[in-house]
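Student: Just passing along the structure, written as C-alpha cells.
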Amino acid sequence: MRGQRTDISFGEVNWNKLTSLIPYLLEHKMRIGLALLCLIAAKLASVGLPFILKHIVDDLDAADAVTSMVSIPLALLVAYGLVRFSNVIFGELRDTIFGRVTERAMRRIGLKVFQHLHGLDLDFHLNRYTGGLSRDIDRGTNGISFLMRFMVFNIVPTLLEIGLIVVILFKQYQPWYAVIIFFAVVSYIFFSVFATEMRTRFVREMNKAESATSTRAIDSLLNYETVKYFTNERYEADNYDVELASWEKARQKNRLSLFFLNGGQAFIIAAAMCGAMILAASDVVKGAMTLGDFVLINAFMMQIFMPLNFLGFVYREMKGSMANIERMFNLLDTRAKVEDHTDTALQISQGKIEFRDVSFAYQADRPILQSISFTVLPHQKVAVVGSSGAGKSTLLKLLFRFYDTTSGTILIDDQDISQVTQHSLRKAIGVIPQDTVLFNTSIFENIRYGRIDASREEVEKAIAMAHLDGFIQQLPQGDETVVGERGLKLSGGEKQRVAIARAILKHPPIMVFDEATSSLDSKSEKSILQAIKEVSREQTSLVIAHRLSTIVDADHIIVLDQGQMIEYGSHQELIERQGHYAQLWKIQQSDNTHAAD
C-alpha cells in the first residue's frame, strides 16, 4: 500500500568496505606521494612553532625595559611568521594536490554505480524506489570525498603529532605533562568512539527517514496526473507530512546525541588544559620553568587538543559517511539475476525465432507460461493474442532476456539466447512498446536514440515513415520541441509514433510490436500499419495484439490462455475452427459495429 512507509534497511557499518577505495587511491601514486611530503612538512612546521614562540617570549622577558629596537628578536619573529605561513601553505598544497585524487574517485565510482544499475535485471528495477535510490547514491558519492581525504591526511597524522608532542614534553619537562596529555587523549578517544557508535543509529534513522521522504515526494510528482485525476492532493500531502514528521523526529534525536558528544569532548579538553596550565604556572612560580616554557606548554596543549577535537569531528563524520555510503556499496554488491555466461555475440543470419517447451514463473507457486513451443521463420509475421494476464508480454520479456526461462530454451538462428551476450541480443531486436516513455529532451533526440550515430537525414526519413512529419511541422520549434518528463507533453498517439520512428531508425533484423497502435485512432492506425508493413518486410516480426483487425495479415497467430498455447494458425484457419480466437473476433467485430452506429 502506498500509504505505508518505504522499508529501507540500514545494516551495521562495515569498515571492511573501505578497502574498495584502495584501487582508486593507487591510480595516483605520484600525487599521493607529493601530498604526503607536504603533510610531513606541515607537521614539522606545526611542531616547531611552539619552540620559536618560547624563545621569543624568553628573549623579550630577559630584555631591559628601555632596550633599543635592535635587541628585539627580529630573526625569531620573522622565523615565526615564515614557519606559520609554511604550516598553512603546505596544508593547502596537500589538499590541492590530493583534491584531484578524490574528484577522480568520485567520478569513477559514480560512473561505476550508474553502469552497475543499468547492468541489473528488470526485476530489480521493478522493485526499486527511485527517490530513495537517488538520495542514497548522492549521499554515498559525496561521502567518498570526505572519507578519502580525512582517512589519509587527518587521523593517522594527528595521532603521530600527538605522540611526538607527548615524547617531547616527557623528555624536556616533568612527566606529569605527558601523563595529563596521555590520559586526556585516551579518555577523549574512548568517549568519542563510544558516543559516536551510539549516535550512528540515529544517523541511520535520519538517512532512512530522508530516503523515505524523497521516495514519497518523487513518486507523487511522477504521478502528478493521477493525483489530479482523483483529487488526492491532500492525501499525498498528508502522507508526505508523515514522512517529514519521521525525518524531523530523527533529526531531533541526532541533534541531541551530537550535543552529548560535543559536550563530553569539550569537558575532557577543558579539564586537561586546566590541569596542565595549573601545573605549568606552579613550575614558573617555583622557578623550574621560564615564562617561555609556560607559553610553550600552553601552545602544545592547544596544538594537541585542536586537532584532537577535529579528530573527533572527523571520526563522527567518517561514521556518518560510512552510514551514508554503505547503501551504495551494498548496491554495488547486488548481483543481477540475469547475467552473461559467455562473451559470445549473437550472429544474425536469417532472423528465425524459436521457443522450445518454454515455461516461466515469477514466483514458484504462480506459473505464467507453461510448455510454450512455436517457431517464427525468417521474415514471417507471427502474432500473439489472448486475454489480459495470459502471458503475452512475458513472452517478449523472455525474448529480450529480461528474465531467464524457468525451463525450456529460446533460440535465434539456432543460438540459445542464454549463451550469448545480452547486449548483442538486444541490439538485434527492435521494440515498439505499448507504453512509450520518452526522455525529457527534444523529439529529434528521442528518435535518434534508436541509433545514436544516425544522420539528420536518416532521422527525418524515419519521421516521415512513421507519419510524424505532419505533426512536427505544426510545432513552432519543430523536431527540437522538448517533450517533457516521460514525454508528458505529447499525447499517447504522438508518443507511440515517436517510438515507431525510433524503431524504424534502429532497423534491426527482428522487430517486436507490443500493442504498437493501441493509442492511435483508426485513420492514423491504418497509415502506421502500412508503414510498419513496408519497414518490416525484410524483418522477422513478433506482434502482441489486442485489436485483432491489425493482425489479419499475420502468417501465424498464437492464442494464449492462462499461460498455455491453445490455438495456432492463420487468421482464416482460426476463424474456420470456431474456437477461442473466433469468439474473440466476433466480440470485437460486434463492438466495432456498435461503435460505428
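Note on naming: chains are A, B, ... as they come in the C-alpha cells, residues start from 1 per chain, ligands start from 1 in the order shown.
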Can you tell me which residues surround A:Gln562 at a distance of at most 10 Å, considering only C-alpha atoms, apart from same-chain residues fewer than 2 positions away, and format the answer as a list of chain:residue names?
Tutor: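 The residues satisfying every condition are A:Pro367, A:Ile368, A:Leu369, A:Gln370, A:Gly386, A:Ser387, A:Ser388, A:Gly389, A:Ala390, A:Gly391, A:Lys392, A:Leu560, A:Gln564, A:Met565, A:Ile566.
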Student: Excluding A:Phe444 and its own-chain neighbours fewer than 5 positions away, which residues fall within 12 Å of it when counting only C-alpha atoms? Please give them as a ChimeraX atom specification.
Tutor: /A:438-439,449-452,454-463,468-469,472,477-483,498-499,501-502,505
Student: Mind giving me the straight-line distance from atom CA of A:Gly48 to atom CA of A:Phe300 in Å, one decimal?
Tutor: 10.1 Å
Student: Can you tell me which residues surround A:Val179 at a distance of at most 10 Å, considering only C-alpha atoms, apart from same-chain residues fewer than 6 positions away, and format the answer as a PyMOL selection string?
Tutor: chain A and resi 166+169-170+185+276
Student: Can I get the residues of stretch 265-364 of chain A within 8 Å of stretch 406-420 of chain A, each with the closest pair of atoms and their distance in Å to one decimal, using only C-alpha atoms, sorted chain first then ascending number, as JSON lines?
Tutor:
{"residue": "A:Asp340", "atom": "CA", "partner": "A:Val420", "partner_atom": "CA", "distance": 6.9}
{"residue": "A:His341", "atom": "CA", "partner": "A:Gln419", "partner_atom": "CA", "distance": 6.1}
{"residue": "A:Thr342", "atom": "CA", "partner": "A:Gln419", "partner_atom": "CA", "distance": 6.1}
{"residue": "A:Asp343", "atom": "CA", "partner": "A:Val420", "partner_atom": "CA", "distance": 6.7}
{"residue": "A:Thr344", "atom": "CA", "partner": "A:Val420", "partner_atom": "CA", "distance": 4.9}
{"residue": "A:Ala345", "atom": "CA", "partner": "A:Val420", "partner_atom": "CA", "distance": 5.2}
{"residue": "A:Leu346", "atom": "CA", "partner": "A:Val420", "partner_atom": "CA", "distance": 5.6}
{"residue": "A:Gln347", "atom": "CA", "partner": "A:Asp413", "partner_atom": "CA", "distance": 7.8}
{"residue": "A:Ile348", "atom": "CA", "partner": "A:Asp413", "partner_atom": "CA", "distance": 6.6}
{"residue": "A:Ser349", "atom": "CA", "partner": "A:Asp413", "partner_atom": "CA", "distance": 6.9}
{"residue": "A:Gln350", "atom": "CA", "partner": "A:Asp413", "partner_atom": "CA", "distance": 6.5}
{"residue": "A:Gly351", "atom": "CA", "partner": "A:Asp413", "partner_atom": "CA", "distance": 5.9}
{"residue": "A:Lys352", "atom": "CA", "partner": "A:Asp413", "partner_atom": "CA", "distance": 5.0}
{"residue": "A:Ile353", "atom": "CA", "partner": "A:Ile412", "partner_atom": "CA", "distance": 4.7}
{"residue": "A:Glu354", "atom": "CA", "partner": "A:Leu411", "partner_atom": "CA", "distance": 5.0}
{"residue": "A:Phe355", "atom": "CA", "partner": "A:Ile410", "partner_atom": "CA", "distance": 4.7}
{"residue": "A:Arg356", "atom": "CA", "partner": "A:Thr409", "partner_atom": "CA", "distance": 5.2}
{"residue": "A:Asp357", "atom": "CA", "partner": "A:Gly408", "partner_atom": "CA", "distance": 4.9}
{"residue": "A:Val358", "atom": "CA", "partner": "A:Gly408", "partner_atom": "CA", "distance": 4.1}
{"residue": "A:Ser359", "atom": "CA", "partner": "A:Ser407", "partner_atom": "CA", "distance": 5.2}
{"residue": "A:Phe360", "atom": "CA", "partner": "A:Thr406", "partner_atom": "CA", "distance": 4.6}
{"residue": "A:Ala361", "atom": "CA", "partner": "A:Thr406", "partner_atom": "CA", "distance": 6.5}
Student: Grab the residues selected above and save them as a PDB file, in the first residue's frame with N, CA and C atoms.
Tutor:
ATOM      1  N   ASP A 340      25.431 -12.574 -18.216  1.00  0.00           N
ATOM      2  CA  ASP A 340      26.057 -13.209 -19.377  1.00  0.00           C
ATOM      3  C   ASP A 340      26.918 -14.378 -18.910  1.00  0.00           C
ATOM      4  N   HIS A 341      26.761 -15.514 -19.550  1.00  0.00           N
ATOM      5  CA  HIS A 341      27.558 -16.688 -19.203  1.00  0.00           C
ATOM      6  C   HIS A 341      28.782 -16.822 -20.097  1.00  0.00           C
ATOM      7  N   THR A 342      28.750 -16.171 -21.254  1.00  0.00           N
ATOM      8  CA  THR A 342      29.879 -16.206 -22.189  1.00  0.00           C
ATOM      9  C   THR A 342      30.042 -14.821 -22.798  1.00  0.00           C
ATOM     10  N   ASP A 343      31.123 -14.659 -23.548  1.00  0.00           N
ATOM     11  CA  ASP A 343      31.361 -13.410 -24.289  1.00  0.00           C
ATOM     12  C   ASP A 343      30.937 -13.546 -25.743  1.00  0.00           C
ATOM     13  N   THR A 344      30.236 -14.596 -26.068  1.00  0.00           N
ATOM     14  CA  THR A 344      29.821 -14.862 -27.451  1.00  0.00           C
ATOM     15  C   THR A 344      28.717 -13.902 -27.875  1.00  0.00           C
ATOM     16  N   ALA A 345      28.900 -13.258 -29.002  1.00  0.00           N
ATOM     17  CA  ALA A 345      27.886 -12.335 -29.525  1.00  0.00           C
ATOM     18  C   ALA A 345      26.921 -13.088 -30.431  1.00  0.00           C
ATOM     19  N   LEU A 346      25.670 -12.666 -30.409  1.00  0.00           N
ATOM     20  CA  LEU A 346      24.652 -13.266 -31.272  1.00  0.00           C
ATOM     21  C   LEU A 346      24.952 -12.933 -32.731  1.00  0.00           C
ATOM     22  N   GLN A 347      24.930 -13.944 -33.572  1.00  0.00           N
ATOM     23  CA  GLN A 347      25.168 -13.759 -35.005  1.00  0.00           C
ATOM     24  C   GLN A 347      23.847 -13.970 -35.746  1.00  0.00           C
ATOM     25  N   ILE A 348      23.356 -12.904 -36.364  1.00  0.00           N
ATOM     26  CA  ILE A 348      22.090 -12.975 -37.090  1.00  0.00           C
ATOM     27  C   ILE A 348      22.361 -13.255 -38.567  1.00  0.00           C
ATOM     28  N   SER A 349      21.806 -14.353 -39.045  1.00  0.00           N
ATOM     29  CA  SER A 349      21.933 -14.672 -40.474  1.00  0.00           C
ATOM     30  C   SER A 349      20.573 -14.585 -41.172  1.00  0.00           C
ATOM     31  N   GLN A 350      19.511 -15.028 -40.484  1.00  0.00           N
ATOM     32  CA  GLN A 350      18.178 -15.021 -41.083  1.00  0.00           C
ATOM     33  C   GLN A 350      17.142 -14.306 -40.204  1.00  0.00           C
ATOM     34  N   GLY A 351      17.244 -14.509 -38.901  1.00  0.00           N
ATOM     35  CA  GLY A 351      16.280 -13.908 -38.000  1.00  0.00           C
ATOM     36  C   GLY A 351      15.190 -14.849 -37.547  1.00  0.00           C
ATOM     37  N   LYS A 352      15.480 -16.156 -37.527  1.00  0.00           N
ATOM     38  CA  LYS A 352      14.491 -17.145 -37.087  1.00  0.00           C
ATOM     39  C   LYS A 352      14.422 -17.161 -35.552  1.00  0.00           C
ATOM     40  N   ILE A 353      13.181 -17.185 -35.025  1.00  0.00           N
ATOM     41  CA  ILE A 353      12.956 -17.235 -33.577  1.00  0.00           C
ATOM     42  C   ILE A 353      12.288 -18.558 -33.244  1.00  0.00           C
ATOM     43  N   GLU A 354      12.770 -19.217 -32.196  1.00  0.00           N
ATOM     44  CA  GLU A 354      12.181 -20.496 -31.799  1.00  0.00           C
ATOM     45  C   GLU A 354      12.041 -20.577 -30.284  1.00  0.00           C
ATOM     46  N   PHE A 355      10.828 -20.857 -29.835  1.00  0.00           N
ATOM     47  CA  PHE A 355      10.563 -21.148 -28.426  1.00  0.00           C
ATOM     48  C   PHE A 355      10.400 -22.656 -28.294  1.00  0.00           C
ATOM     49  N   ARG A 356      11.241 -23.299 -27.481  1.00  0.00           N
ATOM     50  CA  ARG A 356      11.177 -24.745 -27.304  1.00  0.00           C
ATOM     51  C   ARG A 356      10.749 -25.094 -25.884  1.00  0.00           C
ATOM     52  N   ASP A 357       9.504 -25.511 -25.743  1.00  0.00           N
ATOM     53  CA  ASP A 357       8.995 -26.002 -24.467  1.00  0.00           C
ATOM     54  C   ASP A 357       9.307 -25.028 -23.324  1.00  0.00           C
ATOM     55  N   VAL A 358       9.002 -23.750 -23.539  1.00  0.00           N
ATOM     56  CA  VAL A 358       9.358 -22.694 -22.577  1.00  0.00           C
ATOM     57  C   VAL A 358       8.301 -22.588 -21.479  1.00  0.00           C
ATOM     58  N   SER A 359       8.769 -22.622 -20.236  1.00  0.00           N
ATOM     59  CA  SER A 359       7.903 -22.378 -19.077  1.00  0.00           C
ATOM     60  C   SER A 359       8.559 -21.284 -18.237  1.00  0.00           C
ATOM     61  N   PHE A 360       7.712 -20.518 -17.561  1.00  0.00           N
ATOM     62  CA  PHE A 360       8.257 -19.418 -16.752  1.00  0.00           C
ATOM     63  C   PHE A 360       7.293 -19.075 -15.626  1.00  0.00           C
ATOM     64  N   ALA A 361       7.869 -18.715 -14.482  1.00  0.00           N
ATOM     65  CA  ALA A 361       7.073 -18.265 -13.338  1.00  0.00           C
ATOM     66  C   ALA A 361       7.846 -17.187 -12.597  1.00  0.00           C
TER      67      ALA A 361
END
Student: Could you please determine the separation between atom CA of A:Leu34 and atom CA of A:Gln303 in Å, to one decimal place?
Tutor: 24.3 Å
Student: Using only C-alpha atoms, which residue out of A:Tyr362, A:Arg107, A:Thr215, A:His467 lies closest to A:Tyr240?
Tutor: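 Comparing A:Tyr362, A:Arg107, A:Thr215, A:His467 against A:Tyr240, the winner is A:Thr215.
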Student: Can you pull out every residue within 7 Å of stretch 506-511 of chain A, counting only C-alpha atoms, but drop anything in the same chain fewer than 2 positions away, and send it as a PyMOL selection string?
Tutor: chain A and resi 351+428-431+450-451+502-504+513+539-542
Student: Quick one: everything within 6 Å of A:Ile544, counting only C-alpha atoms, minus sequence neighbours fewer than 4 positions away in the same chain. Send it as an NGL selection string.
Tutor: :A and (383-384 or 513-515)
Student: Restricting it to C-alpha atoms, dump the selection as a CSV table (one decimal), in the first residue's frame.
Tutor:
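Now in again-v9.csv:
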chain,number,residue,atom,x,y,z
A,383,ALA,CA,1.1,-12.5,-33.7
A,384,VAL,CA,0.2,-13.4,-30.1
A,513,PHE,CA,5.4,-4.9,-31.5
A,514,ASP,CA,3.7,-4.7,-28.1
A,515,GLU,CA,0.2,-3.3,-28.9
Student: I'd like the contact shell of A:Ala250 - 12 Å cut-off, only C-alpha atoms, skipping same-chain residues fewer than 6 positions apart - returned as a list in words.
Tutor: Arg199, Thr200, Arg201, Phe202, Val203, Arg204, Glu205, Met206, Asn207, Lys208, Ala209, Glu210, Glu243, Leu244, Leu256 and Ser257 of chain A
Student: Restricting it to C-alpha atoms, dump the selection as an mmCIF file, in the first residue's frame.
Tutor:
data_model
loop_
_atom_site.group_PDB
_atom_site.id
_atom_site.type_symbol
_atom_site.label_atom_id
_atom_site.label_comp_id
_atom_site.auth_asym_id
_atom_site.auth_seq_id
_atom_site.Cartn_x
_atom_site.Cartn_y
_atom_site.Cartn_z
ATOM 1 C CA ARG A 199 24.673 8.097 17.722
ATOM 2 C CA THR A 200 25.351 6.244 14.448
ATOM 3 C CA ARG A 201 21.995 4.563 14.993
ATOM 4 C CA PHE A 202 20.354 7.988 14.895
ATOM 5 C CA VAL A 203 22.263 8.875 11.712
ATOM 6 C CA ARG A 204 20.862 5.737 10.074
ATOM 7 C CA GLU A 205 17.364 6.576 11.255
ATOM 8 C CA MET A 206 17.739 10.083 9.826
ATOM 9 C CA ASN A 207 19.013 8.732 6.490
ATOM 10 C CA LYS A 208 16.220 6.173 6.372
ATOM 11 C CA ALA A 209 13.627 8.877 7.025
ATOM 12 C CA GLU A 210 15.243 11.180 4.448
ATOM 13 C CA GLU A 243 7.412 11.070 6.281
ATOM 14 C CA LEU A 244 8.579 14.594 7.137
ATOM 15 C CA LEU A 256 20.604 15.731 20.986
ATOM 16 C CA SER A 257 23.158 12.958 20.552
#
Student: In terms of the shortest atom-to-atom distance over only C-alpha atoms, which of A:Leu36, A:Lys43, A:Ile89, A:Cys274 is closest to A:Glu161?
Tutor: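 Closest residue, counting only C-alpha atoms: A:Lys43.
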Student: Of the candidates A:Ile56, A:Val559, A:Leu377, A:Leu122, which one gets nearest to A:Lys397 if we count only C-alpha atoms?
Tutor: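 Result for the nearest residue to A:Lys397: A:Leu122.
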Student: Using only C-alpha atoms for the distances, tell me which of A:Leu222, A:Ile304, A:Leu93, A:Thr141 is nearest to A:Gly487.
Tutor: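 Among the listed residues, the smallest separation from A:Gly487 belongs to A:Leu222.
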Student: Record the distance separating atom CA of A:Ala217 and atom CA of A:Leu117, expressed in Å with one decimal.
Tutor: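 Computed distance, atom CA of A:Ala217 to atom CA of A:Leu117, equals 21.6 Å.
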Student: Using only C-alpha atoms for the distances, tell me which of A:Val284, A:Gly493, A:Glu339, A:Ile297 is nearest to A:His423.
Tutor: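 Checking each of A:Val284, A:Gly493, A:Glu339, A:Ile297 against A:His423, counting only C-alpha atoms, the winner is A:Glu339.
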Student: Enumerate as a PyMOL selection string all residues of stretch 399-498 of chain A assigned to helix (DSSP H, G or I) by DSSP on the backbone, naming them with the chain letters and numbers the document uses.
Tutor: chain A and resi 399+417-419+422-427+443-448+456-465+469-473+478-480+485-487+492-498
